[in-house]
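Colleague: Pasting in a structure now, in structure tokens, and then I'll have a few things to ask.
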Amino acid sequence: MGNNKELNDREEKLKFATKLLHFGSEIDSTTGASSVPIYQASTFHHEDVFNPPVHDYSRSGNPTRQALEDYIALLEGGVRGFAYSSGMAAISSTFMMLSAGDHMIVTEDVYGGTYRLLTSILNRLGIESTFVDMTDLEQVKAALKPNTKAVYMETPSNPTLKITDIAAVTSWAQENELLTMLDNTFMTPYYQRPIELGVDIVLHSATKFLGGHSDVLAGLAVARTPSIGKQLKQLQNGLGTVLGVQDSWLLMRGMKTLQARMNHSEQSAAVLAAWLQGRSDIDHVYYPGLLDHPGREIHEKQSTGYGAVVSFDVGSGERAKQVLNKVKIPLVAVSLGAVESILSYPAMMSHAAMPAEVRHERGITDGLLRFSVGLEDIDDLIADLDQALQG
């Protein structure tokens, strides 16, 4: 698909909903099958050693995984995509573009796994990071050092849903010859396409909204330029952090319904956020679609929707645990972005790796809950949450 200019030009003109279903590999060219074949093979025969096949070993490339990688590159508007064994595999492999002695600027309330990677693994390898409130561009600029090489954004951030002005940060980063990376897990390419705003590498925990069914672990990366794509390919192949073919196929199947799922979940999330904000026993509600969200105007400038994640503070860790134990409909679990609603407790789940004092500085309190709204009827979800909040 990636080498067929005529096909690419046609696909670029298609609307997003159509691209989700007609991405270039949706029909097998050999058999006419309506699904990408699963090439369950580790190696590939060379008919002629002077003219090797496109794929020779599945760590380096596999037709099933290639179809997925082309698929996400098309959706994000990049030149090349890569599929990894998890979201953290995608992030850690990408961070390997940096070398000992390099420094990066990072969103302060970043996902806990990314924080753990930076503060307990990469720091031992001589790669340092500074965490800043990226809602304030001046703080980003102030963090610049002579050895700064990259800026890592997460917007909306996890779990307090702070908004970073992507274009502003990227423009400043380009002036200073810095590599820009952005975790687009919450918004997905349906709502937000950072490459169009100049971001160099877009990352996903595809386990979440892209997969959408709590049944696959996967990560994705998309490169803005051929040179960055070449570096990512070398790292993916060298580290061997690739996604298996069965999971590649499952992820493609999940991605086909992305727009329909996101539309439904976002509508419900807006209703849930408004309902929570109307309660006197909730300390704070975090959702970019709320009129009083401080980042709403910037978010609307760079995204076409508000997403399906609502975070809210119930006042104390004791009350948060009470709610977690009393809800009946959502999964109480790590993760988000599935057809079923998932209620998470960042302090003990996604951000458990972050020391309590660091969490609290970033607004991740002991009373904070994160609700990923699924496809259930919103009236049922609200009634269930209401009884859990009663005490």
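Please note that chains go A, B, ... in the order of the structure tokens, that every chain numbers its residues from 1, and that ligands are numbered from 1 in the order shown.
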With a distance cut-off of 10 Å and only C-alpha atoms, select the neighbouring residues of Ala383 of chain A, excluding the residue or stretch itself and same-chain residues fewer than 5 positions from it, and output the selection as a list in words.
Modeller: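 Surrounding residues, per the criterion: Val327, Ile329, Ile378, Ala388 and Leu389 of chain A.
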Colleague: Show me a table, sorted first by chain and then by increasing residue number, of the residues of segment 10-84 of chain A having an atom at most 12 Å from segment 184-205 of chain A, each with its shortest atom pair and the distance in Å to one decimal, counting only C-alpha atoms and written as a tab-separated table.
Modeller:
residue	atom	partner	partner_atom	distance
A:Lys15	CA	A:Tyr190	CA	10.5
A:Phe16	CA	A:Tyr190	CA	7.1
A:Ala17	CA	A:Tyr190	CA	8.6
A:Thr18	CA	A:Tyr190	CA	11.7
A:Lys19	CA	A:Tyr190	CA	10.5
A:Leu20	CA	A:Tyr190	CA	9.6
A:Tyr71	CA	A:Pro189	CA	11.3
A:Ile72	CA	A:Pro189	CA	8.5
A:Ala73	CA	A:Val202	CA	9.7
A:Leu74	CA	A:Pro189	CA	9.7
A:Leu75	CA	A:Pro189	CA	6.1
A:Glu76	CA	A:Pro189	CA	5.5
A:Gly77	CA	A:Ile195	CA	6.6
A:Gly78	CA	A:Ile195	CA	6.6
A:Val79	CA	A:Ile195	CA	9.9
A:Arg80	CA	A:Ile201	CA	10.0
A:Gly81	CA	A:Val202	CA	9.4
A:Phe82	CA	A:Leu203	CA	9.5
A:Ala83	CA	A:His204	CA	9.6
A:Tyr84	CA	A:Ser205	CA	9.4
Colleague: Just to confirm, what's the straight-line distance from atom CA of Val358 of chain A to atom CA of Phe209 of chain A in Å (one decimal)?
Modeller: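 A separation of 27.6 Å between them.
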Colleague: Find the spatial neighbours of Ala100 of chain A, counting only C-alpha atoms, within a cut-off of 7 Å - ignore same-chain residues fewer than 4 positions away - and output them as a list of chain:residue names.
Modeller: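 Within the cut-off, the hits are A:Leu125, A:Gly126, A:Ile127.
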Colleague: Quick check for you: according to DSSP on this backbone, which residues of segment 58-302 of chain A are classed as strand (DSSP E or B)? Reply as an MDAnalysis selection string.
Modeller: chainID A and resid 80:84 103:107 128:132 148:154 179:183 201:205 219:223 242 284:286
Colleague: Restrict the selected residues to C-alpha atoms and save them as a PDB file, in the first residue's frame.
Modeller:
ATOM      1  CA  ARG A  80       5.415   5.458   8.162  1.00  0.00           C
ATOM      2  CA  GLY A  81       3.839   3.507  11.008  1.00  0.00           C
ATOM      3  CA  PHE A  82       5.195   0.963  13.477  1.00  0.00           C
ATOM      4  CA  ALA A  83       3.464  -1.601  15.681  1.00  0.00           C
ATOM      5  CA  TYR A  84       4.853  -2.717  19.032  1.00  0.00           C
ATOM      6  CA  HIS A 103      17.791  15.782  28.120  1.00  0.00           C
ATOM      7  CA  MET A 104      14.072  15.886  27.390  1.00  0.00           C
ATOM      8  CA  ILE A 105      11.181  18.098  28.523  1.00  0.00           C
ATOM      9  CA  VAL A 106       8.068  16.144  29.550  1.00  0.00           C
ATOM     10  CA  THR A 107       4.441  16.873  30.456  1.00  0.00           C
ATOM     11  CA  GLU A 128      17.593  13.044  31.950  1.00  0.00           C
ATOM     12  CA  SER A 129      14.148  14.604  31.948  1.00  0.00           C
ATOM     13  CA  THR A 130      12.455  17.688  33.352  1.00  0.00           C
ATOM     14  CA  PHE A 131       8.717  17.579  34.060  1.00  0.00           C
ATOM     15  CA  VAL A 132       6.842  20.841  33.465  1.00  0.00           C
ATOM     16  CA  THR A 148      17.923  19.224  25.468  1.00  0.00           C
ATOM     17  CA  LYS A 149      17.059  17.053  22.477  1.00  0.00           C
ATOM     18  CA  ALA A 150      13.311  16.331  22.703  1.00  0.00           C
ATOM     19  CA  VAL A 151       9.920  17.445  23.991  1.00  0.00           C
ATOM     20  CA  TYR A 152       7.353  14.843  25.029  1.00  0.00           C
ATOM     21  CA  MET A 153       3.694  15.908  25.163  1.00  0.00           C
ATOM     22  CA  GLU A 154       0.573  14.222  26.446  1.00  0.00           C
ATOM     23  CA  LEU A 179      12.434  16.347  18.356  1.00  0.00           C
ATOM     24  CA  THR A 180       8.746  16.384  19.328  1.00  0.00           C
ATOM     25  CA  MET A 181       6.752  13.366  20.481  1.00  0.00           C
ATOM     26  CA  LEU A 182       3.105  13.193  21.495  1.00  0.00           C
ATOM     27  CA  ASP A 183       1.023  10.502  23.162  1.00  0.00           C
ATOM     28  CA  ILE A 201       6.348  11.225  16.275  1.00  0.00           C
ATOM     29  CA  VAL A 202       2.835  10.299  17.397  1.00  0.00           C
ATOM     30  CA  LEU A 203       2.464   7.459  19.906  1.00  0.00           C
ATOM     31  CA  HIS A 204      -0.450   5.303  21.013  1.00  0.00           C
ATOM     32  CA  SER A 205      -1.268   2.748  23.581  1.00  0.00           C
ATOM     33  CA  GLY A 219       1.481   0.098  20.854  1.00  0.00           C
ATOM     34  CA  LEU A 220       1.821   2.213  17.718  1.00  0.00           C
ATOM     35  CA  ALA A 221       4.101   4.987  16.503  1.00  0.00           C
ATOM     36  CA  VAL A 222       3.859   7.164  13.403  1.00  0.00           C
ATOM     37  CA  ALA A 223       6.725   9.170  11.897  1.00  0.00           C
ATOM     38  CA  VAL A 242       7.282  -5.904  17.591  1.00  0.00           C
ATOM     39  CA  HIS A 284     -13.634  18.760  40.990  1.00  0.00           C
ATOM     40  CA  VAL A 285     -14.499  17.411  37.536  1.00  0.00           C
ATOM     41  CA  TYR A 286     -11.897  17.223  34.760  1.00  0.00           C
TER      42      TYR A 286
END
Colleague: What lies within 12 Å of His360 of chain A using only C-alpha atoms, ignoring chain neighbours under 6 positions off, as a list in words?
Modeller: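 Contacts, with the query itself left out: Glu108, Asp109, Thr160, Pro346, Ala347, His351, Met354, Asp366, Gly367 and Leu368 of chain A.
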Colleague: Could you tell me which of A:Ser86, A:Thr30, A:Ser268, A:Ser171 comes closest to Gly113 of chain A if we count only C-alpha atoms?
Modeller: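 Distance minimum relative to Gly113 of chain A lands on A:Ser86.
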Colleague: Using only C-alpha atoms, find the one residue out of A:Gly212, A:Gly315, A:Ile282, A:Met349 that sits nearest to Leu336 of chain A.
Modeller: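 Closest to Leu336 of chain A, using only C-alpha atoms: A:Gly212.
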Colleague: Among segment 113-345 of chain A, which residues does DSSP mark as helix (DSSP H, G or I) when it is run on the backbone? Keep the chain and numbering as in the structure and answer as a count of residues only.
Modeller: 98
Colleague: Find the spatial neighbours of Arg65 of chain A, counting only C-alpha atoms, within a cut-off of 12 Å - ignore same-chain residues fewer than 3 positions away - and output them as a VMD selection string.
Modeller: chain A and resid 25 36 to 41 55 58 to 62 68 to 72 81 to 85 218 to 220 242 to 252
Colleague: Filtering to N, CA, C and O atoms, could you give me those residues as a CSV table (one decimal), in the first residue's frame?
Modeller:
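See part19.csv below for the written result:
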chain,number,residue,atom,x,y,z
A,25,SER,N,-5.6,-2.3,2.5
A,25,SER,CA,-5.3,-3.8,2.7
A,25,SER,C,-6.6,-4.5,3.2
A,25,SER,O,-6.5,-5.6,3.6
A,36,VAL,N,-7.6,-8.9,6.3
A,36,VAL,CA,-6.2,-9.1,6.1
A,36,VAL,C,-5.8,-10.5,6.6
A,36,VAL,O,-6.1,-10.8,7.8
A,37,PRO,N,-5.1,-11.3,5.8
A,37,PRO,CA,-4.7,-12.6,6.2
A,37,PRO,C,-3.7,-12.5,7.4
A,37,PRO,O,-2.9,-11.6,7.5
A,38,ILE,N,-3.8,-13.5,8.3
A,38,ILE,CA,-2.8,-13.7,9.4
A,38,ILE,C,-1.7,-14.5,8.8
A,38,ILE,O,-1.8,-15.7,8.6
A,39,TYR,N,-0.5,-13.9,8.6
A,39,TYR,CA,0.7,-14.6,8.1
A,39,TYR,C,1.4,-15.2,9.3
A,39,TYR,O,2.3,-14.5,9.9
A,40,GLN,N,1.0,-16.4,9.8
A,40,GLN,CA,1.6,-17.0,11.0
A,40,GLN,C,2.9,-17.7,10.6
A,40,GLN,O,3.0,-18.9,10.5
A,41,ALA,N,3.9,-16.8,10.3
A,41,ALA,CA,5.2,-17.4,9.8
A,41,ALA,C,6.3,-16.6,10.4
A,41,ALA,O,6.2,-15.3,10.6
A,55,HIS,N,9.7,-9.5,2.6
A,55,HIS,CA,9.8,-9.9,4.0
A,55,HIS,C,10.7,-11.1,4.1
A,55,HIS,O,10.6,-12.0,3.3
A,58,SER,N,10.1,-12.3,10.5
A,58,SER,CA,8.9,-11.5,11.0
A,58,SER,C,9.3,-10.5,12.0
A,58,SER,O,8.5,-9.6,12.2
A,59,ARG,N,10.4,-10.6,12.7
A,59,ARG,CA,10.8,-9.5,13.5
A,59,ARG,C,11.1,-8.2,12.7
A,59,ARG,O,10.7,-7.1,13.1
A,60,SER,N,11.7,-8.4,11.5
A,60,SER,CA,12.0,-7.3,10.6
A,60,SER,C,10.8,-6.8,9.8
A,60,SER,O,10.7,-5.6,9.4
A,61,GLY,N,9.9,-7.7,9.6
A,61,GLY,CA,8.7,-7.3,8.8
A,61,GLY,C,7.8,-8.5,8.6
A,61,GLY,O,8.3,-9.6,8.3
A,62,ASN,N,6.5,-8.3,8.7
A,62,ASN,CA,5.5,-9.4,8.4
A,62,ASN,C,4.3,-8.7,7.7
A,62,ASN,O,3.9,-7.6,8.1
A,68,LEU,N,-1.2,-3.3,9.3
A,68,LEU,CA,-1.6,-2.4,10.4
A,68,LEU,C,-0.7,-1.1,10.4
A,68,LEU,O,-1.2,0.0,10.7
A,69,GLU,N,0.6,-1.3,10.2
A,69,GLU,CA,1.5,-0.1,10.3
A,69,GLU,C,1.1,0.9,9.2
A,69,GLU,O,1.2,2.1,9.4
A,70,ASP,N,0.8,0.4,8.0
A,70,ASP,CA,0.3,1.3,6.9
A,70,ASP,C,-1.0,2.0,7.3
A,70,ASP,O,-1.3,3.1,7.0
A,71,TYR,N,-1.9,1.2,8.0
A,71,TYR,CA,-3.2,1.7,8.4
A,71,TYR,C,-3.1,2.9,9.3
A,71,TYR,O,-3.7,3.9,9.1
A,72,ILE,N,-2.3,2.7,10.4
A,72,ILE,CA,-2.2,3.8,11.3
A,72,ILE,C,-1.4,5.0,10.7
A,72,ILE,O,-1.8,6.2,11.0
A,81,GLY,N,4.3,3.9,9.7
A,81,GLY,CA,3.8,3.5,11.0
A,81,GLY,C,4.6,2.3,11.5
A,81,GLY,O,5.2,1.5,10.8
A,82,PHE,N,4.5,2.1,12.8
A,82,PHE,CA,5.2,1.0,13.5
A,82,PHE,C,4.3,0.4,14.6
A,82,PHE,O,3.7,1.1,15.3
A,83,ALA,N,4.3,-0.9,14.7
A,83,ALA,CA,3.5,-1.6,15.7
A,83,ALA,C,4.4,-2.3,16.7
A,83,ALA,O,5.3,-3.1,16.3
A,84,TYR,N,4.0,-2.2,17.9
A,84,TYR,CA,4.9,-2.7,19.0
A,84,TYR,C,4.0,-3.6,20.0
A,84,TYR,O,2.8,-3.6,19.9
A,85,SER,N,4.7,-4.3,20.8
A,85,SER,CA,4.1,-5.3,21.7
A,85,SER,C,3.2,-4.7,22.8
A,85,SER,O,2.4,-5.3,23.4
A,218,ALA,N,-1.1,-3.6,22.7
A,218,ALA,CA,-0.4,-3.1,21.5
A,218,ALA,C,0.0,-1.7,21.6
A,218,ALA,O,-0.6,-0.9,22.3
A,219,GLY,N,1.1,-1.3,20.9
A,219,GLY,CA,1.5,0.1,20.9
A,219,GLY,C,1.7,0.5,19.4
A,219,GLY,O,2.1,-0.4,18.6
A,220,LEU,N,1.6,1.7,19.1
A,220,LEU,CA,1.8,2.2,17.7
A,220,LEU,C,2.6,3.5,17.7
A,220,LEU,O,2.5,4.3,18.7
A,242,VAL,N,8.3,-5.9,18.6
A,242,VAL,CA,7.3,-5.9,17.6
A,242,VAL,C,6.0,-6.5,18.1
A,242,VAL,O,6.0,-7.3,19.0
A,243,LEU,N,4.9,-6.2,17.4
A,243,LEU,CA,3.6,-6.8,17.7
A,243,LEU,C,3.4,-8.0,16.9
A,243,LEU,O,3.8,-8.1,15.8
A,244,GLY,N,2.9,-9.1,17.6
A,244,GLY,CA,2.6,-10.4,16.9
A,244,GLY,C,1.5,-10.3,15.9
A,244,GLY,O,0.7,-9.3,16.0
A,245,VAL,N,1.4,-11.2,15.0
A,245,VAL,CA,0.5,-11.2,13.9
A,245,VAL,C,-1.0,-11.3,14.4
A,245,VAL,O,-1.9,-10.7,13.9
A,246,GLN,N,-1.2,-12.2,15.4
A,246,GLN,CA,-2.6,-12.3,15.9
A,246,GLN,C,-3.1,-11.0,16.5
A,246,GLN,O,-4.2,-10.6,16.2
A,247,ASP,N,-2.3,-10.4,17.3
A,247,ASP,CA,-2.7,-9.1,17.9
A,247,ASP,C,-2.8,-8.0,16.8
A,247,ASP,O,-3.6,-7.1,17.0
A,248,SER,N,-1.9,-8.1,15.8
A,248,SER,CA,-2.0,-7.1,14.7
A,248,SER,C,-3.4,-7.2,14.0
A,248,SER,O,-4.1,-6.2,13.8
A,249,TRP,N,-3.8,-8.4,13.8
A,249,TRP,CA,-5.1,-8.6,13.2
A,249,TRP,C,-6.3,-8.2,14.1
A,249,TRP,O,-7.2,-7.5,13.6
A,250,LEU,N,-6.2,-8.5,15.4
A,250,LEU,CA,-7.2,-8.1,16.3
A,250,LEU,C,-7.3,-6.6,16.4
A,250,LEU,O,-8.4,-6.0,16.5
A,251,LEU,N,-6.2,-5.9,16.4
A,251,LEU,CA,-6.2,-4.5,16.5
A,251,LEU,C,-6.8,-3.8,15.2
A,251,LEU,O,-7.6,-2.9,15.3
A,252,MET,N,-6.5,-4.4,14.1
A,252,MET,CA,-7.1,-3.8,12.9
A,252,MET,C,-8.7,-4.0,12.9
A,252,MET,O,-9.4,-3.1,12.5
Colleague: Would you compute the distance between atom CA of Asn147 of chain A and atom CA of Gly101 of chain A? Give it in Å to one decimal.
Modeller: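 The value is 7.0 Å.
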Colleague: Kindly indicate which residue among A:Val140, A:Val339, A:Leu239, A:Ala260 lies nearest to Ala90 of chain A, using only C-alpha atoms for the distances.
Modeller: A:Leu239
Colleague: So how many Å separate atom CA of Val332 of chain A and atom CA of Val310 of chain A, to one decimal?
Modeller: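 About the pair atom CA of Val332 of chain A and atom CA of Val310 of chain A: they are 14.6 Å apart.
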Colleague: Near Arg370 of chain A, counting only C-alpha atoms, which residues have an atom at most 8 Å away, once you skip same-chain residues fewer than 2 positions from it, shown as a VMD selection string?
Modeller: chain A and resid 159 309 to 312 343 to 346 368 372
Colleague: Skip segment 135-137 of chain A itself and residues of its chain fewer than 5 positions away, then list as JSON, numbers by chain all residues within 10 Å of it, counting only C-alpha atoms.
Modeller: {"A": [107, 108, 142, 155, 162, 163, 164, 165, 166, 168, 169, 172, 294, 295, 298]}
Colleague: Hey, which of A:Glu177, A:Glu318, A:Glu361, A:Asp133 ends up closest to Leu161 of chain A? Count only C-alpha atoms.
Modeller: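 Checking each of A:Glu177, A:Glu318, A:Glu361, A:Asp133 against Leu161 of chain A, counting only C-alpha atoms, the winner is A:Asp133.
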